[in-house]
>>> print(open('target.txt').read())   # compact mmCIF, C-alpha atoms and all ligand atoms
# COMPACT_ATOMS: atom_id res chain seq x y z
CA MET C 405 -36.78 -74.36 -131.53
CA THR C 406 -38.19 -74.79 -128.05
CA LEU C 407 -37.38 -72.84 -124.90
CA ARG C 408 -35.81 -75.53 -122.77
CA SER C 409 -33.44 -73.49 -120.65
CA ASP C 410 -34.49 -73.34 -117.02
CA VAL C 411 -33.14 -69.87 -116.66
CA ALA C 412 -34.54 -68.52 -119.90
CA GLY C 413 -37.80 -70.30 -119.07
CA ARG C 414 -37.94 -68.50 -115.76
CA LEU C 415 -37.92 -65.05 -117.42
CA THR C 416 -41.61 -64.90 -116.71
CA ASP C 417 -41.80 -61.12 -116.98
CA VAL C 418 -41.13 -61.37 -120.69
CA PRO C 419 -44.51 -61.86 -122.38
CA ALA C 420 -44.90 -65.08 -124.38
CA GLU C 421 -45.75 -63.12 -127.53
CA ILE C 422 -42.23 -61.69 -127.50
CA ASP C 423 -40.90 -65.22 -128.07
CA ALA C 424 -43.23 -65.74 -131.01
CA TRP C 425 -42.30 -62.35 -132.44
CA ALA C 426 -38.54 -62.91 -132.00
CA LEU C 427 -38.70 -66.39 -133.52
CA ALA C 428 -40.64 -65.07 -136.52
CA LEU C 429 -38.07 -62.29 -137.02
CA THR C 430 -35.16 -64.76 -136.77
CA LYS C 431 -36.84 -66.92 -139.42
CA GLU C 432 -37.47 -63.92 -141.68
CA LEU C 433 -33.83 -62.84 -141.37
CA GLU C 434 -32.66 -66.34 -142.27
CA GLU C 435 -34.93 -66.39 -145.30
CA ARG C 436 -33.57 -63.01 -146.40
CA GLY C 437 -30.01 -64.36 -146.07
CA GLU C 438 -29.17 -61.71 -143.48
CA ASN C 439 -26.01 -62.28 -141.48
CA LEU C 440 -27.60 -63.72 -138.37
CA ASN C 441 -25.63 -66.77 -137.33
CA ASN C 442 -22.41 -65.23 -136.24
CA GLY C 443 -22.59 -66.20 -132.63
CA SER C 444 -22.35 -62.84 -130.97
CA PRO C 445 -25.27 -60.44 -130.92
CA ALA C 446 -22.82 -57.58 -130.52
CA ASP C 447 -20.79 -58.58 -133.55
CA SER C 448 -23.66 -58.92 -135.98
CA ASP C 449 -25.92 -56.34 -137.41
CA SER C 450 -28.91 -55.83 -139.60
CA ARG C 451 -30.59 -52.52 -140.29
CA PHE C 452 -33.65 -54.50 -141.31
CA ALA C 453 -33.80 -56.19 -137.88
CA TYR C 454 -33.30 -52.87 -136.09
CA GLU C 455 -36.11 -51.23 -138.06
CA ARG C 456 -38.37 -54.20 -137.38
CA MET C 457 -37.63 -53.94 -133.66
CA GLY C 458 -38.49 -50.25 -133.76
CA ALA C 459 -41.73 -50.87 -135.64
CA ALA C 460 -42.68 -53.60 -133.13
CA GLY C 461 -42.12 -51.24 -130.19
CA ILE C 462 -39.23 -53.28 -128.75
CA ILE C 463 -36.78 -50.35 -128.77
CA GLY C 464 -36.39 -47.87 -125.94
CA LEU C 465 -38.92 -49.59 -123.70
CA GLY C 466 -37.30 -48.07 -120.61
CA TRP C 467 -37.47 -44.53 -122.01
CA PRO C 468 -40.17 -42.01 -121.08
CA ALA C 469 -43.46 -42.40 -122.95
CA GLN C 470 -43.35 -38.80 -124.21
CA LEU C 471 -40.10 -39.66 -126.03
CA GLY C 472 -41.47 -42.81 -127.65
CA GLY C 473 -40.65 -45.26 -124.86
CA ARG C 474 -42.92 -47.14 -122.46
CA ASP C 475 -41.49 -46.26 -119.04
CA MET C 476 -40.66 -49.93 -118.49
CA ASP C 477 -38.63 -50.97 -115.45
CA PRO C 478 -34.97 -51.06 -116.57
CA ILE C 479 -34.47 -54.57 -115.16
CA ASP C 480 -37.40 -55.84 -117.21
CA VAL C 481 -35.73 -54.27 -120.26
CA VAL C 482 -32.56 -56.23 -119.49
CA LYS C 483 -34.58 -59.43 -119.15
CA LEU C 484 -36.02 -58.76 -122.57
CA GLU C 485 -32.49 -58.27 -123.94
CA GLU C 486 -31.48 -61.65 -122.47
CA ARG C 487 -34.41 -63.14 -124.32
CA LEU C 488 -33.57 -61.45 -127.65
CA GLY C 489 -30.06 -62.88 -127.29
CA TYR C 490 -31.54 -66.32 -126.66
CA HIS C 491 -33.38 -66.02 -129.97
CA TRP C 492 -30.12 -65.23 -131.73
CA LEU C 493 -31.15 -61.86 -133.09
CA PRO C 494 -28.42 -59.57 -134.48
CA LEU C 495 -28.42 -56.84 -131.86
CA CYS C 496 -25.39 -54.67 -132.56
CA GLY C 497 -27.47 -51.73 -133.83
CA TYR C 498 -29.79 -51.98 -130.86
CA LEU C 499 -26.98 -52.32 -128.30
CA LEU C 500 -25.15 -49.30 -129.68
CA SER C 501 -28.05 -47.06 -130.68
CA VAL C 502 -30.33 -47.70 -127.74
CA LYS C 503 -28.56 -49.29 -124.82
CA THR C 504 -25.27 -47.39 -125.02
CA ILE C 505 -25.64 -44.21 -127.08
CA GLY C 506 -29.39 -43.58 -126.68
CA ASN C 507 -29.08 -43.89 -122.92
CA SER C 508 -26.00 -41.64 -122.97
CA ILE C 509 -27.87 -38.96 -124.95
CA LEU C 510 -30.65 -39.15 -122.38
CA ARG C 511 -28.17 -38.81 -119.52
CA PHE C 512 -25.74 -36.24 -120.94
CA GLY C 513 -27.53 -34.58 -123.88
CA THR C 514 -29.26 -31.22 -124.03
CA GLU C 515 -33.04 -31.08 -124.40
CA ASP C 516 -32.47 -30.23 -128.05
CA LEU C 517 -30.35 -33.36 -128.64
CA ILE C 518 -32.82 -35.53 -126.73
CA SER C 519 -35.80 -34.33 -128.74
CA ARG C 520 -33.89 -34.56 -132.03
CA PHE C 521 -32.63 -38.11 -131.56
CA ILE C 522 -34.47 -40.15 -128.92
CA PRO C 523 -37.99 -40.39 -130.47
CA ASP C 524 -36.43 -41.42 -133.81
CA ALA C 525 -34.19 -43.97 -132.10
CA ALA C 526 -37.20 -45.38 -130.22
CA ALA C 527 -38.95 -45.88 -133.55
CA GLY C 528 -35.93 -47.65 -135.07
CA ARG C 529 -35.49 -44.81 -137.57
CA VAL C 530 -32.04 -43.61 -136.52
CA MET C 531 -28.98 -45.79 -136.00
CA PHE C 532 -25.65 -44.93 -134.38
CA CYS C 533 -22.14 -46.31 -134.45
CA GLN C 534 -19.48 -45.69 -131.82
CA GLY C 535 -16.24 -43.97 -132.85
CA PHE C 536 -13.86 -44.48 -129.94
CA SER C 537 -10.98 -46.78 -131.00
CA GLU C 538 -8.07 -45.62 -133.15
CA PRO C 539 -4.89 -47.32 -134.35
CA GLU C 540 -2.99 -46.00 -131.31
CA ALA C 541 -5.91 -45.79 -128.88
CA GLY C 542 -7.83 -48.89 -127.79
CA SER C 543 -7.37 -49.80 -124.14
CA ASP C 544 -5.70 -46.43 -123.68
CA LEU C 545 -8.63 -44.40 -124.96
CA ALA C 546 -7.21 -41.09 -123.72
CA ALA C 547 -4.43 -41.47 -126.31
CA LEU C 548 -6.86 -40.76 -129.15
CA ARG C 549 -5.67 -38.32 -131.81
CA THR C 550 -8.70 -37.56 -133.95
CA LYS C 551 -9.15 -33.85 -133.45
CA ALA C 552 -11.82 -31.20 -133.86
CA ASP C 553 -11.07 -27.50 -134.40
CA LYS C 554 -13.70 -24.87 -133.73
CA TYR C 555 -14.75 -22.36 -136.40
CA ASP C 556 -17.64 -20.12 -135.32
CA ASP C 557 -20.63 -22.41 -134.68
CA ARG C 558 -19.14 -25.65 -135.97
CA TRP C 559 -16.32 -28.10 -135.39
CA VAL C 560 -14.15 -29.48 -138.17
CA VAL C 561 -13.04 -33.06 -137.52
CA ASN C 562 -9.97 -34.85 -138.90
CA GLY C 563 -8.67 -38.33 -138.05
CA LYS C 564 -9.38 -42.02 -138.27
CA LYS C 565 -11.46 -44.49 -136.27
CA ILE C 566 -11.10 -48.27 -136.42
CA TRP C 567 -13.07 -51.37 -135.32
CA THR C 568 -16.24 -49.29 -135.74
CA SER C 569 -19.12 -51.78 -135.63
CA SER C 570 -22.11 -50.92 -137.86
CA ALA C 571 -20.28 -47.94 -139.42
CA GLU C 572 -21.49 -48.79 -142.91
CA ILE C 573 -25.18 -48.80 -141.96
CA ALA C 574 -25.29 -46.14 -139.23
CA ASP C 575 -26.70 -42.63 -139.69
CA TRP C 576 -24.64 -40.99 -136.93
CA MET C 577 -21.35 -41.58 -135.16
CA TYR C 578 -21.03 -41.08 -131.41
CA LEU C 579 -17.55 -39.65 -131.67
CA ALA C 580 -14.81 -39.32 -129.06
CA VAL C 581 -12.52 -36.51 -130.22
CA ARG C 582 -9.73 -34.25 -128.98
CA THR C 583 -10.95 -30.65 -128.80
CA ASP C 584 -8.02 -29.09 -126.95
CA GLN C 585 -4.48 -30.27 -127.62
CA SER C 586 -3.02 -28.08 -124.89
CA LEU C 587 -4.87 -29.75 -121.99
CA PRO C 588 -3.78 -32.99 -120.25
CA ARG C 589 -4.87 -36.11 -122.18
CA HIS C 590 -8.08 -36.86 -120.28
CA LYS C 591 -9.15 -33.22 -120.12
CA GLY C 592 -9.02 -32.18 -123.77
CA LEU C 593 -11.65 -34.65 -125.03
CA SER C 594 -15.25 -34.14 -126.10
CA VAL C 595 -18.08 -36.33 -127.38
CA MET C 596 -20.10 -35.21 -130.38
CA LEU C 597 -22.62 -36.62 -132.85
CA LEU C 598 -21.28 -36.69 -136.40
CA ASP C 599 -23.45 -37.23 -139.47
CA MET C 600 -22.14 -40.35 -141.28
CA ARG C 601 -23.44 -38.94 -144.58
CA ALA C 602 -21.59 -35.63 -144.24
CA PRO C 603 -18.92 -34.78 -146.83
CA GLY C 604 -15.50 -36.08 -145.74
CA VAL C 605 -16.71 -39.36 -144.16
CA ASP C 606 -15.30 -42.45 -145.85
CA VAL C 607 -15.86 -46.02 -144.57
CA ASP C 608 -13.78 -49.09 -145.51
CA VAL C 609 -15.46 -52.34 -144.45
CA HIS C 610 -13.51 -55.33 -143.08
CA GLU C 611 -14.82 -58.78 -142.15
CA THR C 612 -14.44 -60.10 -138.61
CA LEU C 613 -13.51 -63.60 -137.49
CA GLY C 614 -17.00 -63.89 -136.04
CA GLY C 615 -18.61 -63.29 -139.44
CA GLY C 616 -19.65 -59.67 -138.90
CA THR C 617 -18.00 -56.50 -140.17
CA PHE C 618 -15.96 -53.60 -138.85
CA GLY C 619 -15.67 -50.12 -140.31
CA GLU C 620 -12.43 -48.22 -140.73
CA VAL C 621 -13.71 -44.66 -140.79
CA HIS C 622 -11.68 -41.85 -142.35
CA LEU C 623 -12.74 -38.36 -141.30
CA SER C 624 -11.45 -35.54 -143.45
CA ASN C 625 -12.61 -31.98 -142.66
CA VAL C 626 -16.02 -33.24 -141.53
CA GLU C 627 -18.21 -30.46 -140.16
CA VAL C 628 -20.18 -30.96 -136.94
CA ASP C 629 -22.66 -28.44 -135.62
CA ALA C 630 -21.57 -26.99 -132.25
CA ASP C 631 -24.98 -27.98 -130.81
CA ASN C 632 -24.09 -31.65 -131.36
CA VAL C 633 -21.63 -31.82 -128.45
CA LEU C 634 -22.74 -34.05 -125.56
CA GLY C 635 -21.88 -32.71 -122.14
CA GLU C 636 -19.23 -30.06 -121.70
CA VAL C 637 -16.66 -29.23 -124.37
CA ASN C 638 -13.43 -30.83 -123.03
CA GLY C 639 -15.55 -32.69 -120.46
CA GLY C 640 -15.89 -35.76 -122.69
CA TRP C 641 -14.08 -38.19 -120.38
CA LYS C 642 -17.00 -38.22 -117.94
CA VAL C 643 -19.45 -38.84 -120.80
CA LEU C 644 -17.26 -41.63 -122.23
CA MET C 645 -16.99 -43.42 -118.88
CA GLY C 646 -20.76 -43.15 -118.40
CA SER C 647 -21.32 -44.66 -121.86
CA LEU C 648 -18.98 -47.57 -121.09
CA ASP C 649 -21.03 -48.35 -117.98
CA PHE C 650 -24.10 -48.77 -120.18
CA GLU C 651 -22.18 -50.78 -122.80
CA ARG C 652 -20.57 -53.22 -120.37
CA VAL C 653 -23.80 -54.66 -119.01
CA THR C 654 -23.82 -57.34 -121.70
CA SER C 655 -26.81 -59.36 -120.47
CA GLU C 656 -27.99 -60.28 -123.97
CA LYS C 657 -24.97 -62.59 -124.19
CA VAL C 658 -26.27 -64.63 -121.25
CA GLY C 659 -29.25 -65.50 -123.44
CA VAL C 660 -26.96 -66.64 -126.27
CA ALA C 661 -24.92 -68.83 -123.91
CA LEU C 662 -28.09 -70.38 -122.47
CA TRP C 663 -29.25 -71.28 -125.96
CA ILE C 664 -25.91 -73.01 -126.56
CA LEU C 665 -26.20 -74.95 -123.28
CA ASP C 666 -29.73 -76.01 -124.21
CA GLN C 667 -28.36 -77.52 -127.44
CA LEU C 668 -25.66 -79.37 -125.51
CA ASP C 669 -27.91 -80.64 -122.71
CA GLY C 670 -29.48 -83.44 -124.68
CA ILE C 671 -26.23 -84.79 -126.12
CA ALA C 672 -23.75 -84.39 -123.25
CA GLU C 673 -22.37 -87.60 -121.73
CA GLN C 674 -22.68 -88.11 -117.99
CA HIS C 675 -19.17 -86.79 -117.26
CA HIS C 676 -19.92 -83.43 -118.92
CA ARG C 677 -23.19 -82.80 -117.12
CA ARG C 678 -21.49 -81.43 -114.03
CA SER C 679 -19.65 -78.81 -116.17
CA LEU C 680 -22.89 -77.86 -117.90
CA LEU C 681 -24.63 -77.39 -114.57
CA ALA C 682 -21.73 -75.40 -113.14
CA LEU C 683 -21.82 -73.10 -116.16
CA ARG C 684 -25.57 -72.60 -115.77
CA GLY C 685 -24.87 -71.51 -112.20
CA GLU C 686 -22.22 -69.08 -113.42
CA LEU C 687 -24.58 -67.65 -116.01
CA GLU C 688 -27.26 -67.14 -113.38
CA ALA C 689 -24.71 -65.17 -111.33
CA CYS C 690 -23.90 -63.14 -114.47
CA ARG C 691 -27.59 -62.41 -114.96
CA ARG C 692 -27.92 -61.16 -111.41
CA LEU C 693 -24.84 -58.99 -111.78
CA GLY C 694 -26.41 -57.49 -114.92
CA HIS C 695 -29.61 -56.75 -113.02
CA GLU C 696 -27.67 -55.21 -110.13
CA ALA C 697 -25.61 -52.99 -112.46
CA THR C 698 -28.81 -51.91 -114.23
CA ARG C 699 -30.46 -51.03 -110.93
CA LEU C 700 -27.47 -48.94 -109.84
CA ILE C 701 -27.27 -47.16 -113.20
CA ALA C 702 -31.00 -46.35 -112.99
CA GLU C 703 -30.35 -44.82 -109.57
CA GLY C 704 -27.72 -42.57 -111.14
CA GLU C 705 -24.69 -44.25 -109.54
CA ARG C 706 -21.25 -44.52 -111.19
CA VAL C 707 -21.00 -48.29 -111.43
CA SER C 708 -17.79 -48.99 -113.34
CA ARG C 709 -16.70 -51.66 -110.87
CA VAL C 710 -20.02 -53.55 -111.24
CA SER C 711 -20.40 -53.12 -115.00
CA SER C 712 -16.76 -54.20 -115.49
CA THR C 713 -17.35 -57.27 -113.29
CA CYS C 714 -20.43 -57.99 -115.37
CA LYS C 715 -18.58 -57.61 -118.69
CA LEU C 716 -15.61 -59.66 -117.49
CA SER C 717 -17.64 -62.55 -116.11
CA ILE C 718 -20.10 -62.80 -119.00
CA SER C 719 -17.35 -62.79 -121.64
CA LEU C 720 -15.40 -65.47 -119.76
CA ALA C 721 -18.55 -67.58 -119.34
CA MET C 722 -19.21 -67.29 -123.09
CA GLN C 723 -15.73 -68.60 -123.82
CA LYS C 724 -16.27 -71.46 -121.37
CA ALA C 725 -19.50 -72.35 -123.17
CA ALA C 726 -17.63 -72.38 -126.49
CA ALA C 727 -14.85 -74.59 -125.07
CA LEU C 728 -17.41 -76.94 -123.53
CA SER C 729 -19.17 -77.36 -126.86
CA VAL C 730 -15.87 -78.57 -128.35
CA ASP C 731 -15.27 -80.90 -125.36
CA ILE C 732 -18.71 -82.42 -125.84
CA LEU C 733 -18.97 -82.56 -129.63
CA GLY C 734 -15.34 -82.62 -130.73
CA PRO C 735 -14.60 -81.16 -134.17
CA ALA C 736 -18.31 -81.25 -135.08
CA ALA C 737 -18.73 -78.12 -132.93
CA LEU C 738 -16.53 -76.26 -135.41
CA VAL C 739 -18.23 -77.26 -138.66
CA ASP C 740 -20.25 -74.32 -139.89
CA ARG C 741 -22.05 -75.69 -142.92
CA GLY C 742 -23.15 -78.90 -144.57
CA PRO C 743 -24.77 -81.95 -142.98
CA ALA C 744 -22.12 -82.24 -140.20
CA ALA C 745 -22.79 -78.71 -138.89
CA ARG C 746 -24.48 -78.67 -135.48
CA ALA C 747 -27.39 -76.38 -134.69
CA ALA C 748 -27.36 -75.01 -138.25
CA GLY C 749 -23.77 -73.85 -137.89
CA ARG C 750 -24.50 -71.67 -134.86
CA LEU C 751 -22.11 -73.60 -132.61
CA ALA C 752 -19.24 -73.06 -135.03
CA ALA C 753 -20.08 -69.38 -135.40
CA PHE C 754 -20.30 -69.02 -131.63
CA ASN C 755 -16.87 -70.62 -131.26
CA ARG C 756 -15.31 -68.21 -133.76
CA ALA C 757 -17.03 -65.14 -132.34
CA SER C 758 -16.22 -66.03 -128.73
CA ALA C 759 -12.56 -65.16 -129.31
CA SER C 760 -13.41 -61.46 -129.55
CA MET C 761 -15.65 -61.31 -126.50
CA THR C 762 -12.85 -60.64 -124.05
CA LEU C 763 -11.72 -57.73 -126.23
CA ALA C 764 -14.84 -55.95 -127.55
CA GLY C 765 -16.05 -53.21 -125.21
CA GLY C 766 -12.69 -53.21 -123.40
CA SER C 767 -10.35 -56.15 -122.82
CA SER C 768 -10.45 -58.40 -119.75
CA ASP C 769 -7.17 -56.89 -118.53
CA ILE C 770 -8.79 -53.46 -118.54
CA GLN C 771 -11.91 -54.74 -116.72
CA ARG C 772 -9.63 -56.29 -114.06
CA LYS C 773 -7.83 -52.97 -113.76
CA VAL C 774 -11.10 -51.09 -113.22
CA ILE C 775 -12.26 -53.64 -110.64
CA ALA C 776 -8.90 -53.50 -108.81
CA GLN C 777 -8.73 -49.71 -108.71
CA GLN C 778 -12.35 -48.62 -108.44
CA GLY C 779 -13.84 -51.67 -106.73
CA LEU C 780 -11.06 -52.75 -104.39
CA GLY C 781 -9.27 -49.42 -104.02
CA LEU C 782 -5.91 -50.91 -105.01
CA PRO C 783 -3.18 -48.47 -106.10
CA ARG C 784 -2.56 -47.71 -109.79
C1 LIG C 801 -16.17 -57.39 -131.85
C2 LIG C 801 -15.57 -56.04 -131.56
C3 LIG C 801 -16.35 -54.91 -131.75
C4 LIG C 801 -15.79 -53.63 -131.52
N1 LIG C 801 -16.56 -52.53 -131.79
C5 LIG C 801 -16.04 -51.29 -131.58
C6 LIG C 801 -16.82 -50.12 -131.89
O1 LIG C 801 -17.96 -50.20 -132.35
N2 LIG C 801 -16.26 -48.90 -131.67
C7 LIG C 801 -15.01 -48.77 -131.14
O2 LIG C 801 -14.58 -47.63 -130.94
N3 LIG C 801 -14.23 -49.84 -130.88
C8 LIG C 801 -14.72 -51.10 -131.08
N4 LIG C 801 -13.96 -52.22 -130.81
C9 LIG C 801 -12.58 -52.04 -130.36
C10 LIG C 801 -12.38 -52.40 -128.90
O3 LIG C 801 -12.91 -51.43 -128.05
C11 LIG C 801 -10.84 -52.54 -128.73
O4 LIG C 801 -10.43 -53.66 -129.50
C12 LIG C 801 -10.46 -52.75 -127.28
O5 LIG C 801 -10.72 -51.61 -126.50
C13 LIG C 801 -8.95 -53.09 -127.16
O6 LIG C 801 -8.17 -52.15 -127.83
P1 LIG C 801 -7.08 -52.60 -128.91
O7 LIG C 801 -7.74 -53.52 -129.90
O8 LIG C 801 -6.44 -51.36 -129.44
O9 LIG C 801 -6.03 -53.47 -128.11
P2 LIG C 801 -4.79 -52.92 -127.14
O10 LIG C 801 -5.33 -51.79 -126.38
O11 LIG C 801 -3.67 -52.67 -128.10
O12 LIG C 801 -4.56 -54.15 -126.26
C14 LIG C 801 -3.80 -55.29 -126.70
C15 LIG C 801 -3.62 -56.21 -125.51
O13 LIG C 801 -2.86 -55.53 -124.48
C16 LIG C 801 -3.57 -55.56 -123.24
N5 LIG C 801 -3.39 -54.29 -122.54
C17 LIG C 801 -3.45 -53.03 -123.07
N6 LIG C 801 -3.28 -52.11 -122.12
C18 LIG C 801 -3.12 -52.77 -120.94
C19 LIG C 801 -2.92 -52.36 -119.58
N7 LIG C 801 -2.84 -51.07 -119.24
N8 LIG C 801 -2.81 -53.31 -118.64
C20 LIG C 801 -2.87 -54.64 -118.95
N9 LIG C 801 -3.06 -55.09 -120.22
C21 LIG C 801 -3.20 -54.17 -121.22
C22 LIG C 801 -5.04 -55.74 -123.63
O14 LIG C 801 -5.76 -56.36 -122.58
C23 LIG C 801 -4.93 -56.63 -124.86
O15 LIG C 801 -4.84 -57.99 -124.46
C24 LIG C 801 -14.48 -53.50 -131.05
C25 LIG C 801 -13.69 -54.65 -130.84
C26 LIG C 801 -14.23 -55.91 -131.11
C27 LIG C 801 -13.36 -57.11 -130.89
>>> encode(input="target.txt", output="structure tokens", more="lines below")
Ligand SMILES: Cc1cc2nc3c(=O)[nH]c(=O)nc-3n(C[C@H](O)[C@H](O)[C@H](O)COP(=O)(O)OP(=O)(O)OC[C@H]3O[C@@H](n4cnc5c(N)ncnc54)[C@H](O)[C@@H]3O)c2cc1C
Amino acid sequence: MTLRSDVAGRLTDVPAEIDAWALALTKELEERGENLNNGSPADSDSRFAYERMGAAGIIGLGWPAQLGGRDMDPIDVVKLEERLGYHWLPLCGYLLSVKTIGNSILRFGTEDLISRFIPDAAAGRVMFCQGFSEPEAGSDLAALRTKADKYDDRWVVNGKKIWTSSAEIADWMYLAVRTDQSLPRHKGLSVMLLDMRAPGVDVDVHETLGGGTFGEVHLSNVEVDADNVLGEVNGGWKVLMGSLDFERVTSEKVGVALWILDQLDGIAEQHHRRSLLALRGELEACRRLGHEATRLIAEGERVSRVSSTCKLSISLAMQKAAALSVDILGPAALVDRGPAARAAGRLAAFNRASASMTLAGGSSDIQRKVIAQQGLGLPR
């Protein structure tokens, strides 16, 4: 594999050895038969890859050195994420544990939580999953019903979470839970860290269209230490919205889409070249949006309107790249194994996984709603 993409090739701040390292890891994962080729870094996971990233010092680069990070500029970290996406690494564990939950612990956690979790996360030793969605609470997160009751110095949690990526390999769940039933919906919520190996946690695993897995997590009288609450008790909504800002800057996907365009470049007929170029332009705009959102987050701003614009435009661009691959290659773009498969089946996997991109992390309708209300000031 060569780095042909103009845009990826212009990521000059990413040291060349990172490419060699990422390519070697991709090869090792393929040799191990790990689930790598499922077309969406956020829908594919490997504990092995996460641990390797930790051991190589790729995790938590933007975090303070005394917590195991390297004080790297947050925009350089995002550029690295674009590059890891380009190399088709399974990044779900990283995106949840580091980018979303690790950063949220740093922003909202007590010193005790930070010192207990961040150095281990930076070393790739601790992995999180995100327990937000429930059967009746997806887009409408404030409708969640999983509840926690307080007994002395601990909470006892009962309920069910669904679509939980990486649940079966995570050590901890970053849990959104109702802690006061008497308060209005948005006000009775809290966020806490729940040990996935605690008694009462049961995970059923389901396969996704993209080739990854989801957990359906049953929580039955699971005990959580009172010190494991992030932010204020019943002040969870603010923490949840902050976490979504981190999660919705999905720059790694730009790298994946660029890799796809690089495969199509050499084979596209004249009449498709204009579409390929237009999409490259769109992806460059997505990259810049990602950098802008990252800059604002680093400055401590609430950036929902920018991170939602970023999430919306990247997921739509990914789906355009998938559709373009079918326009250019016809049915061959959908063959995932055997001699007819293109790019070792990655194009087919990308096509399957792209369906979920406008849903995972909040649907496009919800992003448009956030942009309309918080960005444009339109009425509810
Ligand atoms: C690949 C993938 C990974 C995921 N990983 C996780 C995870 O790790 N943890 C987790 O907690 N969840 C996860 N999810 C769940 C994801 O957050 C939800 O699927 C998403 O928020 C949508 O919720 P829902 O599936 O309940 O759909 P619904 O909320 O039922 O939405 C169904 C449809 O109705 C539309 N809709 C709903 N409300 C409105 C409205 N007010 N205005 C306009 N349109 C509306 C939506 O846009 C959508 O098209 C994942 C999902 C995917 C696809």
>>> closest_atom_pairs(input="target.txt", of="chain C", to="ligand LIG 801 (chain C)", cutoff="9 Å", atoms="only C-alpha atoms and all ligand atoms", output="Markdown table")
| residue | atom | partner | partner_atom | distance |
| --- | --- | --- | --- | --- |
| C:Ser444 | CA | C:LIG801 | C1 | 8.3 |
| C:Ala446 | CA | C:LIG801 | C1 | 6.8 |
| C:Asp447 | CA | C:LIG801 | C1 | 5.1 |
| C:Ser448 | CA | C:LIG801 | C1 | 8.7 |
| C:Cys496 | CA | C:LIG801 | O1 | 8.7 |
| C:Leu500 | CA | C:LIG801 | O1 | 7.7 |
| C:Cys533 | CA | C:LIG801 | O1 | 6.1 |
| C:Gln534 | CA | C:LIG801 | N2 | 4.5 |
| C:Gly535 | CA | C:LIG801 | O2 | 4.4 |
| C:Phe536 | CA | C:LIG801 | O2 | 3.4 |
| C:Ser537 | CA | C:LIG801 | O2 | 3.7 |
| C:Glu538 | CA | C:LIG801 | O8 | 7.0 |
| C:Pro539 | CA | C:LIG801 | O8 | 6.5 |
| C:Glu540 | CA | C:LIG801 | O8 | 6.6 |
| C:Ala541 | CA | C:LIG801 | O8 | 5.6 |
| C:Gly542 | CA | C:LIG801 | O6 | 3.3 |
| C:Ser543 | CA | C:LIG801 | O10 | 3.6 |
| C:Asp544 | CA | C:LIG801 | O10 | 6.0 |
| C:Leu545 | CA | C:LIG801 | O5 | 7.7 |
| C:Lys565 | CA | C:LIG801 | O2 | 6.9 |
| C:Ile566 | CA | C:LIG801 | O2 | 6.5 |
| C:Trp567 | CA | C:LIG801 | C8 | 4.6 |
| C:Thr568 | CA | C:LIG801 | O1 | 3.9 |
| C:Ser569 | CA | C:LIG801 | O1 | 3.8 |
| C:Ser570 | CA | C:LIG801 | O1 | 6.9 |
| C:Ala571 | CA | C:LIG801 | O1 | 7.8 |
| C:Leu579 | CA | C:LIG801 | O2 | 8.5 |
| C:Ala580 | CA | C:LIG801 | O2 | 8.5 |
| C:Thr612 | CA | C:LIG801 | C1 | 7.5 |
| C:Leu613 | CA | C:LIG801 | C1 | 8.8 |
| C:Gly614 | CA | C:LIG801 | C1 | 7.8 |
| C:Gly616 | CA | C:LIG801 | C1 | 8.2 |
| C:Thr617 | CA | C:LIG801 | C1 | 8.6 |
| C:Phe618 | CA | C:LIG801 | N1 | 7.2 |
| C:Gly619 | CA | C:LIG801 | O1 | 8.3 |
| C:Ala757 | CA | C:LIG801 | C1 | 7.8 |
| C:Ala759 | CA | C:LIG801 | C27 | 8.2 |
| C:Ser760 | CA | C:LIG801 | C27 | 4.6 |
| C:Met761 | CA | C:LIG801 | C27 | 6.5 |
| C:Thr762 | CA | C:LIG801 | C27 | 7.7 |
| C:Leu763 | CA | C:LIG801 | C27 | 5.0 |
| C:Ala764 | CA | C:LIG801 | C26 | 3.6 |
| C:Gly765 | CA | C:LIG801 | O3 | 4.6 |
| C:Gly766 | CA | C:LIG801 | O5 | 4.0 |
| C:Ser767 | CA | C:LIG801 | O14 | 4.6 |
| C:Ser768 | CA | C:LIG801 | O14 | 5.8 |
| C:Asp769 | CA | C:LIG801 | O14 | 4.3 |
| C:Ile770 | CA | C:LIG801 | O14 | 5.8 |
| C:Gln771 | CA | C:LIG801 | O14 | 8.6 |
| C:Arg772 | CA | C:LIG801 | C20 | 8.5 |
| C:Lys773 | CA | C:LIG801 | N8 | 7.0 |
>>> closest_residue(input="target.txt", among="C:Gln667, C:Ser594, C:Thr713, C:Ser729", to="Asn632 of chain C", atoms="all atoms listed in the file")
C:Ser594
>>> residues_around(input="target.txt", residues="segment 703-709 of chain C", least_positions_apart="4", cutoff="6 Å", atoms="all atoms listed in the file", output="JSON, numbers by chain")
{"C": [649, 775, 778, 779]}
>>> atom_distance(input="target.txt", atom1="atom CA of Asp740 of chain C", atom2="atom CA of Leu433 of chain C")
17.8 Å
>>> atom_distance(input="target.txt", atom1="atom CA of Val595 of chain C", atom2="atom CA of Trp576 of chain C")
12.5 Å
>>> residues_around(input="target.txt", residues="Glu432 of chain C", least_positions_apart="4", cutoff="12 Å", atoms="all atoms listed in the file", output="list in words")
Trp425, Ala426, Leu427, Ala428, Arg436, Gly437, Glu438, Asn439, Leu440, Ser450, Phe452, Ala453, Arg456 and Leu493 of chain C
>>> atom_distance(input="target.txt", atom1="atom CA of Val626 of chain C", atom2="atom CA of Val530 of chain C")
19.7 Å
>>> residues_near_point(input="target.txt", point="(-14.6, -37.4, -120.1)", cutoff="7 Å", atoms="all atoms listed in the file", output="list in words")
His590, Lys591, Leu593, Ser594, Gly639, Gly640, Trp641, Lys642, Val643, Leu644 and Met645 of chain C
